[in-house]
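These notes concern the structure reproduced below.
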6 protein chains.
Amino acid sequence: MRIRVVNPNTTASMTTLIEASARAVAGPGTVVEAVTPAMGPVSIESHYDEALAVPGLLAEIIAGERSGVDGYVIACFGDPGLDAAREVAAGPVVGIAEAAMHAATLAGRGFSVVTTLGRTAGRAHDLAGRYVPAGACRGVHACEIPVLELESDPTVLPRVVALARQALDADGSDVIVLGCAGMADLCDAVSQQVGVPVIDGVTAATLLVQSLVTMGVRTSKRDEYAPPPAKPYAGVLAGFGA
Amino acid sequence: MRIRVVNPNTTASMTTLIEASARAVAGPGTVVEAVTPAMGPVSIESHYDEALAVPGLLAEIIAGERSGVDGYVIACFGDPGLDAAREVAAGPVVGIAEAAMHAATLAGRGFSVVTTLGRTAGRAHDLAGRYVPAGACRGVHACEIPVLELESDPTVLPRVVALARQALDADGSDVIVLGCAGMADLCDAVSQQVGVPVIDGVTAATLLVQSLVTMGVRTSKRDEYAPPPAKPYAGVLAGFGA
Amino acid sequence: MRIRVVNPNTTASMTTLIEASARAVAGPGTVVEAVTPAMGPVSIESHYDEALAVPGLLAEIIAGERSGVDGYVIACFGDPGLDAAREVAAGPVVGIAEAAMHAATLAGRGFSVVTTLGRTAGRAHDLAGRYVPAGACRGVHACEIPVLELESDPTVLPRVVALARQALDADGSDVIVLGCAGMADLCDAVSQQVGVPVIDGVTAATLLVQSLVTMGVRTSKRDEYAPPPAKPYAGVLAGFGA
Amino acid sequence: MRIRVVNPNTTASMTTLIEASARAVAGPGTVVEAVTPAMGPVSIESHYDEALAVPGLLAEIIAGERSGVDGYVIACFGDPGLDAAREVAAGPVVGIAEAAMHAATLAGRGFSVVTTLGRTAGRAHDLAGRYVPAGACRGVHACEIPVLELESDPTVLPRVVALARQALDADGSDVIVLGCAGMADLCDAVSQQVGVPVIDGVTAATLLVQSLVTMGVRTSKRDEYAPPPAKPYAGVLAGFGA
Amino acid sequence: MRIRVVNPNTTASMTTLIEASARAVAGPGTVVEAVTPAMGPVSIESHYDEALAVPGLLAEIIAGERSGVDGYVIACFGDPGLDAAREVAAGPVVGIAEAAMHAATLAGRGFSVVTTLGRTAGRAHDLAGRYVPAGACRGVHACEIPVLELESDPTVLPRVVALARQALDADGSDVIVLGCAGMADLCDAVSQQVGVPVIDGVTAATLLVQSLVTMGVRTSKRDEYAPPPAKPYAGVLAGFGA
Amino acid sequence: MRIRVVNPNTTASMTTLIEASARAVAGPGTVVEAVTPAMGPVSIESHYDEALAVPGLLAEIIAGERSGVDGYVIACFGDPGLDAAREVAAGPVVGIAEAAMHAATLAGRGFSVVTTLGRTAGRAHDLAGRYVPAGACRGVHACEIPVLELESDPTVLPRVVALARQALDADGSDVIVLGCAGMADLCDAVSQQVGVPVIDGVTAATLLVQSLVTMGVRTSKRDEYAPPPAKPYAGVLAGFGA
């Protein structure tokens with residue numbers, strides 16, 4: 001099967017990192033292809049960035065549909081454009097926050113999210129409200145490291161470890177969820193140092209999509225996620241219209 | 001004060017209708033300007049349309065900020081781009097679903113939404129979950145008339161009236177919320193025929209924004225709604241970047 | 001239009017303060033009349049006070065109905081008698097806690113209430129449960145200044161400012177709601193010193209009622225808020241009966 | 001021990017009925033005294049009636065405190081004045097809706113309320129929200145018989161039985177709660193005819209108060225239910241002040 | 001009437017303690033018999049213990065049914081086997097966590113649970129979610145004293161008192177619930193020293209069962225709690241089958 | 001990796017069916033072993049059956065731990081003993097209701113459960129409350145076919161198809177969850193005939209456990225799921241003790 005992992009921001013080095021994480025867990029019959037959109041922000045750190053990442057993301061889903069992709073991962077912890085992508089794609093679409101939060105509820109009684117900037121905490125809480133029962137997400141904690149500095153800043157690992165320990169104590173949680181696709185490569189090290197399960201959404205989502213495709217489960221087209229009605233679009237987005 | 005009412009779709013005749021509704025209730029010192037985005041779908045009837053309406057909407061907010069607008073109405077019942085718009089604008093931003101649902105809770109014990117297409121009902125429920133306490137929104141009912149036919153189809157009024165009556169009985173509700181900006185001109189007629197308060201979000205939002213500006217209440221910039229971090233954007237959306 | 005603002009306690013100087021706040025925001029065509037009940041407690045600082053304030057409040061609503069009032073504000077943060085008042089009045093009735101909490105959700109992601117006595121915090125939480133989605137009200141903080149000392153105690157402003165700052169940090173909130181009609185005149189000063197939106201319910205409720213009257217929205221009389229069945233009343237309250 | 005059962009309306013024949021129900025279940029060492037307030041409505045069928053029943057009810061609690069009463073039952077299904085009564089009384093105070101709903105959750109998985117007038121259903125739902133977990137109260141059904149006709153109307157029993165059966169089917173419930181103190185004497189007959197547990201709040205509340213007194217559990221005076229601050233009251237309610 | 005109090009663990013000295021607590025509050029016509037199961041763990045301090053205590057508990061319920069018992073108390077704060085026991089027994093079955101949490105909501109605005117081991121806190125939260133409205137249980141605090149040391153450790157009382165005080169402050173609660181049947185004899189002392197109502201579930205549950213039997217309320221057999229379908233059982237549990 | 005699928009009932013033919021479903025989706029490197037407990041009921045159709053299935057189930061988990069199993073599936077839709085199994089096992093443990101409900105939320109907006117006996121619907125609702133956000137599970141519908149007749153009754157498929165269609169309409173759902181391990185082989189046929197995604201928990205859970213093991217995610221042992229304290233057990237269950 002073919003799984004397309006869409007990095008919704010336009011930074012190709014992050015796509016490379018994401019692709020490596022996804023490939024490391026995919027089964028032998030699964031082809032993982034990670035893609036970078038042609039338009040949008042270099043990183044997603046606000047509602048504004050997230051909203052403006054969606055057109056580029058949707059273009060990658062549309063292209064995937066034309067080329068026979070079986071399922072999609074949206075590889076940004078805000079899960080931008082998830083509902084729209086489900087309308088467009090025939091196969092399953094899973095966001096990395098969605099996958100990580102699901103996995104976290106299977107690994108313990110309550111999780112804490114460790115993320116980049118504090119200003120995105122509200123979005124994480126909103127997503128938790130959508131994906132998991134009330135009380136499962138016990139806190140969202142920010143290390144205040146911008147997304148694009150995750151790769152280069154050598155203090156990232158110790159800061160994330162310290163924050164994770166603090167979060168477990170403050171929240172009474174027993175699982176850590178990493179709140180950014182750019183943290184995927186920290187997962188094992190944080191888990192070993194902190195001593196609890198640590199969930200990276202990229203691997204979790206890749207395996208969830210692979211599982212759904214294996215089960216033959218696609219997005220229901222009964223009502224809300226039916227293909228969107230065709231219609232004209234204006235301006236530079238005209239190409240998205242009929 | 002100046003209130004900018006943004007019609008997130010690109011159909012100018014709908015902007016004209018919306019502007020008339022907003023002006024009809026605005027106070028003597030309030031200037032209402034309704035605008036149509038330069039890019040995006042001609043109507044919003046899916047998550048896909050909604051996501052792709054946001055760039056055009058945000059461009060109108062950015063332009064409003066440059067010209068001294070005091071507050072904004074987002075005049076589509078899905079309230080697209082609301083969080084992003086609150087980051088960009090200094091003054092208040094209110095969505096018409098948000099305003100209508102608030103007003104409805106002041107007028108009775110529980111409301112039903114009467115909307116256009118059934119496939120948008122999930123979005124209305126999501127918004128109710130965000131805006132009003134559990135139980136306030138008792139049902140969402142679709143007349144299955146596409147947005148752009150609301151203006152021309154002569155059966156709209158009787159169908160909406162019949163659906164509103166049915167909704168009140170089925171839901172045990174006592175207030176009707178109109179679930180589309182394009183229904184604004186039906187408000188009085190439906191209320192008179194059905195005998196309960198009927199809320200149009202365009203007028204409700206215009207008056208809420210006017211009230212917030214009068215009170216001197218702007219969007220809090222303490223955390224989540226602080227201005228988005230400046231950064232490069234790629235492709236046809238490059239103009240949205242720093 | 002005529003808006004009657006009922007101060008549910010029997011302290012006339014507080015009515016004067018409330019009237020000034022309401023008039024300061026009302027539109028040019030709006031007549032604001034603030035009234036003091038003829039019976040009940042001099043201030044409302046317990047469930048007992050609140051319950052016993054309601055007969056005097058309802059008498060003012062009944063009198064208002066006889067004289068053509070268009071809408072009502074209940075100007076005590078416990079919103080006493082709100083449901084009963086909605087049965088009696090034809091036009092809209094809004095409580096100041098209700099209005100302030102609604103406005104607060106439009107100005108940020110989560111609010112803290114700063115109130116007078118800690119013993120009233122439970123009531124504030126109950127009202128938040130009724131008016132806003134779970135999670136919107138993030139905390140209630142008391143300065144332990146009795147209601148009638150708000151006017152005379154010169155330390156009120158600095159204590160409220162300090163408490164507001166503390167509340168924002170402790171609760172992770174971004175908006176402050178003032179939890180007493182007697183704090184209405186502190187609103188601007190607290191907002192300036194603390195740097196976030198601060199909501200006073202008297203102005204918020206006055207503008208909401210004005211907006212509802214402008215929109216032609218009255219309380220639904222379909223079921224629960226229909227006029228109460230006429231019947232005999234005994235004792236000193238006999239005048240409230242048929 | 002002495003338990004005072006306060007009928008919040010001013011109809012003495014209903015007090016007699018209530019007293020008989022309470023006495024039928026009280027233990028050998030328990031003295032039950034049912035009282036009728038000196039002021040207020042002859043029956044409670046609206047928020048207005050309920051609010052205006054509270055002063056008379058509180059006067060009976062105050063009198064009870066002076067004469068050494070150990071605990072109180074508020075014998076109207078709206079549980080009027082419950083919070084205020086808990087401030088005034090040292091011993092436990094239990095409302096009949098509260099007691100009935102608690103008992104119902106012990107007798108099955110979900111209950112339906114069968115009540116008098118449909119306009120009071122909202123109050124029943126509000127109380128369920130306060131007393132029992134979400135989902136326990138599965139419906140409120142009205143027979144539309146006014147409170148004071150319960151005693152005299154010979155069709156009451158068959159109508160309540162028919163409504164109870166309908167409620168069980170419609171709601172998927174397995175327990176019936178009677179939604180009016182005036183239905184207390186129907187409890188056994190309805191249970192026998194319908195074949196599920198039927199809960200009368202008067203007996204449930206009497207036994208709960210007796211149990212709490214036996215356990216030595218009184219209302220916590222730590223914060224919210226501490227005695228109300230003494231202060232002047234104006235007008236015909238001056239006697240309630242300090 | 002006969003009430004059987006089942007201690008779900010196999011430590012007879014704890015059964016003796018529980019029996020004394022139950023008998024101290026039972027009415028003159030009530031015979032209390034406390035029993036110890038023939039199989040299972042000596043104390044319940046994990047989900048594992050709890051699950052494996054249920055067969056022994058159910059055997060005691062089955063034996064009680066054969067000998068004409070009127071109602072049952074499950075005297076472990078995890079309320080093990082409650083649903084299964086309700087299927088088997090004709091009369092009411094009440095767990096001590098259930099009874100204690102109900103009583104606590106009648107005695108104040110919010111309670112804290114003081115329990116033995118921290119690892120059981122999740123179960124207490126789950127039960128609170130089942131028994132009381134969201135927000136009523138404000139915290140669960142563990143003294144980390146194993147169940148079987150409660151009887152012998154002389155530091156238990158001061159440690160529980162200190163923890164209770166801490167819980168009231170941290171949680172903003174006004175009532176304490178004791179989270180273990182083995183704490184039943186501490187109830188009065190803790191209440192006197194801490195100054196708020198303290199609830200022991202053994203006495204609360206005994207009185208609740210006595211009240212339900214007095215009212216004639218048994219478990220509804222309409223659906224879920226109907227007697228379990230008879231069928232073969234294999235292995236050492238074969239005796240539980242038909 | 002080795003995944004042990006425990007059929008909690010003692011009917012070996014059902015274990016065979018379950019094993020086939022699990023093996024059909026497992027990856028090339030995964031060994032699936034399905035086991036039947038040595039004690040307990042032949043099918044699980046009540047809380048009583050479920051409680052008494054747990055000792056046999058736990059014995060299979062304990063045996064699995066001794067033989068190096070990597071993860072477990074609990075293959076009964078009531079997910080019996082899940083918390084206890086998580087304490088005992090080092091690797092992940094997933095219930096089939098848990099897995100099916102998670103997968104269902106990824107495939108649509110709301111699901112309906114189609115199950116065997118109506119008396120188990122309450123358990124399904126309880127599990128939905130634990131696993132998925134409020135509102136995701138929109139209804140539970142029973143075909144009233146006993147578990148052990150699923151294999152032999154030729155009318156099962158058309159009855160389940162008819163019930164699924166009815167459930168989608170009644171609940172406004174877009175996904176079907178099969179509520180019994182014994183329905184696993186109906187999954188594809190129901191999906192094809194009904195036209196929406198249909199989820200079987202056995203395959204969903206097998207793939208989830210395989211994914212968690214691939215990711216290296218085990219159950220957190222920080223607090224609640226730490227190994228249970230060792231202690232003596234009495235009677236026929238003595239072997240479960242230390």
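The chains in the structure tokens are called A, B, ... from first to last as shown; in each chain the residues are counted from 1, and the ligands are counted from 1 in the order shown.
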
Against chain D, which residues of chain E fall within 6 Å? For each one I want the closest pair of atoms and the distance in Å (one decimal), counting only C-alpha atoms, rows by chain and increasing residue number, as CSV.
residue,atom,partner,partner_atom,distance
E:Ala107,CA,D:Thr219,CA,4.5
E:Gly108,CA,D:Ser220,CA,5.3
E:Val132,CA,D:Pro133,CA,5.2
E:Pro133,CA,D:Pro133,CA,4.2
E:Asp174,CA,D:Arg222,CA,5.8
E:Val196,CA,D:Ser220,CA,5.5
E:Pro197,CA,D:Val217,CA,5.8
E:Leu207,CA,D:Ser211,CA,5.8
E:Ser211,CA,D:Leu207,CA,5.8
E:Val217,CA,D:Pro197,CA,5.8
E:Thr219,CA,D:Ala107,CA,4.5
E:Ser220,CA,D:Gly108,CA,5.3
E:Arg222,CA,D:Asp174,CA,5.8

DSSP on the backbone, then: every residue of region 48-98 of chain D marked alpha helix (DSSP H), written as an NGL selection string. :D and (48-66 or 82-88 or 96-98)

Atoms to include: N, CA and C atoms. Write the selected residues as a PDB file, in the first residue's frame.
ATOM      1  N   TYR D  48     -41.724  31.758  38.667  1.00  0.00           N
ATOM      2  CA  TYR D  48     -42.274  32.857  39.466  1.00  0.00           C
ATOM      3  C   TYR D  48     -42.822  32.333  40.790  1.00  0.00           C
ATOM      4  N   ASP D  49     -43.669  31.311  40.726  1.00  0.00           N
ATOM      5  CA  ASP D  49     -44.185  30.714  41.966  1.00  0.00           C
ATOM      6  C   ASP D  49     -43.043  30.230  42.854  1.00  0.00           C
ATOM      7  N   GLU D  50     -42.087  29.601  42.229  1.00  0.00           N
ATOM      8  CA  GLU D  50     -41.013  29.014  43.016  1.00  0.00           C
ATOM      9  C   GLU D  50     -40.218  30.086  43.754  1.00  0.00           C
ATOM     10  N   ALA D  51     -39.908  31.161  43.026  1.00  0.00           N
ATOM     11  CA  ALA D  51     -39.135  32.234  43.655  1.00  0.00           C
ATOM     12  C   ALA D  51     -39.911  32.845  44.821  1.00  0.00           C
ATOM     13  N   LEU D  52     -41.194  32.992  44.643  1.00  0.00           N
ATOM     14  CA  LEU D  52     -41.995  33.657  45.668  1.00  0.00           C
ATOM     15  C   LEU D  52     -42.415  32.706  46.790  1.00  0.00           C
ATOM     16  N   ALA D  53     -42.158  31.434  46.633  1.00  0.00           N
ATOM     17  CA  ALA D  53     -42.375  30.485  47.730  1.00  0.00           C
ATOM     18  C   ALA D  53     -41.222  30.493  48.728  1.00  0.00           C
ATOM     19  N   VAL D  54     -40.082  30.999  48.305  1.00  0.00           N
ATOM     20  CA  VAL D  54     -38.882  30.861  49.132  1.00  0.00           C
ATOM     21  C   VAL D  54     -38.940  31.653  50.436  1.00  0.00           C
ATOM     22  N   PRO D  55     -39.413  32.912  50.438  1.00  0.00           N
ATOM     23  CA  PRO D  55     -39.445  33.608  51.735  1.00  0.00           C
ATOM     24  C   PRO D  55     -40.264  32.845  52.790  1.00  0.00           C
ATOM     25  N   GLY D  56     -41.429  32.363  52.434  1.00  0.00           N
ATOM     26  CA  GLY D  56     -42.241  31.605  53.395  1.00  0.00           C
ATOM     27  C   GLY D  56     -41.534  30.340  53.861  1.00  0.00           C
ATOM     28  N   LEU D  57     -40.898  29.672  52.949  1.00  0.00           N
ATOM     29  CA  LEU D  57     -40.119  28.478  53.284  1.00  0.00           C
ATOM     30  C   LEU D  57     -38.994  28.810  54.254  1.00  0.00           C
ATOM     31  N   LEU D  58     -38.251  29.876  53.961  1.00  0.00           N
ATOM     32  CA  LEU D  58     -37.121  30.224  54.836  1.00  0.00           C
ATOM     33  C   LEU D  58     -37.609  30.598  56.230  1.00  0.00           C
ATOM     34  N   ALA D  59     -38.753  31.233  56.302  1.00  0.00           N
ATOM     35  CA  ALA D  59     -39.305  31.561  57.629  1.00  0.00           C
ATOM     36  C   ALA D  59     -39.544  30.293  58.430  1.00  0.00           C
ATOM     37  N   GLU D  60     -39.978  29.230  57.768  1.00  0.00           N
ATOM     38  CA  GLU D  60     -40.211  27.957  58.475  1.00  0.00           C
ATOM     39  C   GLU D  60     -38.886  27.306  58.885  1.00  0.00           C
ATOM     40  N   ILE D  61     -37.859  27.497  58.115  1.00  0.00           N
ATOM     41  CA  ILE D  61     -36.542  26.956  58.501  1.00  0.00           C
ATOM     42  C   ILE D  61     -36.013  27.725  59.711  1.00  0.00           C
ATOM     43  N   ILE D  62     -36.128  29.058  59.634  1.00  0.00           N
ATOM     44  CA  ILE D  62     -35.660  29.886  60.754  1.00  0.00           C
ATOM     45  C   ILE D  62     -36.396  29.497  62.033  1.00  0.00           C
ATOM     46  N   ALA D  63     -37.701  29.337  61.937  1.00  0.00           N
ATOM     47  CA  ALA D  63     -38.479  28.923  63.110  1.00  0.00           C
ATOM     48  C   ALA D  63     -38.045  27.542  63.588  1.00  0.00           C
ATOM     49  N   GLY D  64     -37.769  26.673  62.670  1.00  0.00           N
ATOM     50  CA  GLY D  64     -37.301  25.327  63.037  1.00  0.00           C
ATOM     51  C   GLY D  64     -35.992  25.383  63.806  1.00  0.00           C
ATOM     52  N   GLU D  65     -35.092  26.243  63.351  1.00  0.00           N
ATOM     53  CA  GLU D  65     -33.806  26.372  64.040  1.00  0.00           C
ATOM     54  C   GLU D  65     -33.983  26.815  65.480  1.00  0.00           C
ATOM     55  N   ARG D  66     -34.943  27.716  65.678  1.00  0.00           N
ATOM     56  CA  ARG D  66     -35.171  28.233  67.044  1.00  0.00           C
ATOM     57  C   ARG D  66     -35.752  27.163  67.950  1.00  0.00           C
ATOM     58  N   LEU D  82     -33.140  25.728  48.322  1.00  0.00           N
ATOM     59  CA  LEU D  82     -32.295  24.716  48.962  1.00  0.00           C
ATOM     60  C   LEU D  82     -30.973  25.293  49.453  1.00  0.00           C
ATOM     61  N   ASP D  83     -30.285  26.061  48.608  1.00  0.00           N
ATOM     62  CA  ASP D  83     -28.994  26.611  49.024  1.00  0.00           C
ATOM     63  C   ASP D  83     -29.157  27.579  50.200  1.00  0.00           C
ATOM     64  N   ALA D  84     -30.171  28.437  50.123  1.00  0.00           N
ATOM     65  CA  ALA D  84     -30.393  29.389  51.216  1.00  0.00           C
ATOM     66  C   ALA D  84     -30.734  28.643  52.510  1.00  0.00           C
ATOM     67  N   ALA D  85     -31.541  27.614  52.412  1.00  0.00           N
ATOM     68  CA  ALA D  85     -31.898  26.840  53.611  1.00  0.00           C
ATOM     69  C   ALA D  85     -30.677  26.181  54.227  1.00  0.00           C
ATOM     70  N   ARG D  86     -29.756  25.751  53.393  1.00  0.00           N
ATOM     71  CA  ARG D  86     -28.537  25.121  53.930  1.00  0.00           C
ATOM     72  C   ARG D  86     -27.651  26.125  54.666  1.00  0.00           C
ATOM     73  N   GLU D  87     -27.716  27.383  54.259  1.00  0.00           N
ATOM     74  CA  GLU D  87     -26.983  28.410  55.003  1.00  0.00           C
ATOM     75  C   GLU D  87     -27.615  28.640  56.376  1.00  0.00           C
ATOM     76  N   VAL D  88     -28.934  28.610  56.412  1.00  0.00           N
ATOM     77  CA  VAL D  88     -29.657  28.974  57.635  1.00  0.00           C
ATOM     78  C   VAL D  88     -29.671  27.823  58.647  1.00  0.00           C
ATOM     79  N   ILE D  96     -36.791  17.218  47.758  1.00  0.00           N
ATOM     80  CA  ILE D  96     -37.381  15.941  47.333  1.00  0.00           C
ATOM     81  C   ILE D  96     -36.958  15.550  45.921  1.00  0.00           C
ATOM     82  N   ALA D  97     -36.641  16.510  45.071  1.00  0.00           N
ATOM     83  CA  ALA D  97     -36.107  16.127  43.759  1.00  0.00           C
ATOM     84  C   ALA D  97     -34.720  15.514  43.951  1.00  0.00           C
ATOM     85  N   GLU D  98     -33.934  16.153  44.780  1.00  0.00           N
ATOM     86  CA  GLU D  98     -32.589  15.651  45.080  1.00  0.00           C
ATOM     87  C   GLU D  98     -32.656  14.219  45.614  1.00  0.00           C
TER      88      GLU D  98
END

His125 (chain C) environment, 10 Å, only C-alpha atoms, sequence neighbours closer than 6 positions dropped, as a PDB file with all heavy atoms, in the first residue's frame:
ATOM      1  N   VAL C 113     -12.961  35.110  37.037  1.00  0.00           N
ATOM      2  CA  VAL C 113     -13.851  36.048  37.712  1.00  0.00           C
ATOM      3  C   VAL C 113     -13.152  36.573  38.969  1.00  0.00           C
ATOM      4  O   VAL C 113     -12.592  35.782  39.736  1.00  0.00           O
ATOM      5  CB  VAL C 113     -15.179  35.363  38.108  1.00  0.00           C
ATOM      6  CG1 VAL C 113     -16.075  36.327  38.877  1.00  0.00           C
ATOM      7  CG2 VAL C 113     -15.893  34.820  36.876  1.00  0.00           C
ATOM      8  N   TYR C 131     -24.129  29.324  31.555  1.00  0.00           N
ATOM      9  CA  TYR C 131     -24.007  30.312  30.484  1.00  0.00           C
ATOM     10  C   TYR C 131     -22.947  29.984  29.442  1.00  0.00           C
ATOM     11  O   TYR C 131     -23.069  30.399  28.287  1.00  0.00           O
ATOM     12  CB  TYR C 131     -23.682  31.689  31.062  1.00  0.00           C
ATOM     13  CG  TYR C 131     -24.708  32.246  32.005  1.00  0.00           C
ATOM     14  CD1 TYR C 131     -24.332  32.932  33.149  1.00  0.00           C
ATOM     15  CD2 TYR C 131     -26.074  32.081  31.764  1.00  0.00           C
ATOM     16  CE1 TYR C 131     -25.261  33.470  34.011  1.00  0.00           C
ATOM     17  CE2 TYR C 131     -27.020  32.611  32.642  1.00  0.00           C
ATOM     18  CZ  TYR C 131     -26.614  33.302  33.762  1.00  0.00           C
ATOM     19  OH  TYR C 131     -27.539  33.817  34.624  1.00  0.00           O
ATOM     20  N   CYS C 137     -14.815  29.329  31.923  1.00  0.00           N
ATOM     21  CA  CYS C 137     -14.563  29.999  33.210  1.00  0.00           C
ATOM     22  C   CYS C 137     -13.490  29.197  33.942  1.00  0.00           C
ATOM     23  O   CYS C 137     -13.732  28.078  34.377  1.00  0.00           O
ATOM     24  CB  CYS C 137     -15.839  30.078  34.041  1.00  0.00           C
ATOM     25  SG  CYS C 137     -15.557  30.769  35.688  1.00  0.00           S
ATOM     26  N   ARG C 138     -12.331  29.781  34.076  1.00  0.00           N
ATOM     27  CA  ARG C 138     -11.179  29.017  34.569  1.00  0.00           C
ATOM     28  C   ARG C 138     -10.907  29.219  36.057  1.00  0.00           C
ATOM     29  O   ARG C 138     -10.028  28.572  36.616  1.00  0.00           O
ATOM     30  CB  ARG C 138      -9.953  29.379  33.743  1.00  0.00           C
ATOM     31  CG  ARG C 138     -10.190  29.008  32.280  1.00  0.00           C
ATOM     32  CD  ARG C 138      -8.954  28.997  31.451  1.00  0.00           C
ATOM     33  NE  ARG C 138      -9.309  28.552  30.101  1.00  0.00           N
ATOM     34  CZ  ARG C 138      -8.533  28.685  29.046  1.00  0.00           C
ATOM     35  NH1 ARG C 138      -7.343  29.251  29.173  1.00  0.00           N
ATOM     36  NH2 ARG C 138      -8.925  28.242  27.866  1.00  0.00           N
ATOM     37  N   GLY C 139     -11.638  30.122  36.698  1.00  0.00           N
ATOM     38  CA  GLY C 139     -11.409  30.306  38.126  1.00  0.00           C
ATOM     39  C   GLY C 139     -12.237  31.459  38.645  1.00  0.00           C
ATOM     40  O   GLY C 139     -12.631  32.351  37.880  1.00  0.00           O
ATOM     41  N   VAL C 140     -12.528  31.436  39.934  1.00  0.00           N
ATOM     42  CA  VAL C 140     -13.245  32.526  40.600  1.00  0.00           C
ATOM     43  C   VAL C 140     -12.401  32.904  41.810  1.00  0.00           C
ATOM     44  O   VAL C 140     -12.047  32.039  42.613  1.00  0.00           O
ATOM     45  CB  VAL C 140     -14.647  32.077  41.041  1.00  0.00           C
ATOM     46  CG1 VAL C 140     -15.371  33.211  41.755  1.00  0.00           C
ATOM     47  CG2 VAL C 140     -15.462  31.571  39.845  1.00  0.00           C
TER      48      VAL C 140
END

Can you list every residue in region 72-111 of chain E that DSSP puts in strand (DSSP E or B), as a ChimeraX atom specification? /E:72-74,93-95,111

Could you give me, as a PyMOL selection string, the residues within 7 Å of Ala167 (chain A), counting only C-alpha atoms and dropping anything in the same chain fewer than 3 positions from it? chain A and resi 112+141+163-164+170-171

Interatomic distance between CA of Val114 (chain B) and CA of Gly179 (chain B)? 5.4 Å

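Taking CA of Pro41 (chain B) as the reference point, CA of Val73 (chain B) is found at 18.5 Å.
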
Val5 (chain B) surroundings by only C-alpha atoms, 9 Å radius, close-in-sequence under 4 positions cut, as a list in words: Thr15, Ile18, Glu19, Ala22, Val32, Glu33, Ala34, Val35, Gly71, Tyr72, Val73, Ile74, Ala75, Val202 and Thr206 of chain B

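Checking A:Ala20, A:Ala142, A:His47, A:Leu148 one by one against Pro80 (chain A), counting only C-alpha atoms, you find the shortest gap at A:His47.
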
12 Å contact set for Pro232 (chain A), only C-alpha atoms, chain neighbours under 4 positions out, as a list in words: Leu237, Ala238, Gly239, Phe240, Gly241 and Ala242 of chain A; Asn9, Thr10, Thr11, Met39, Gly40, Pro41, Val42, Ser43, Ile44, Asp49 and Leu52 of chain B

Rounded to one decimal, what separation in Å do you get between CA of Glu144 (chain A) and CA of Val177 (chain C)? 28.4 Å
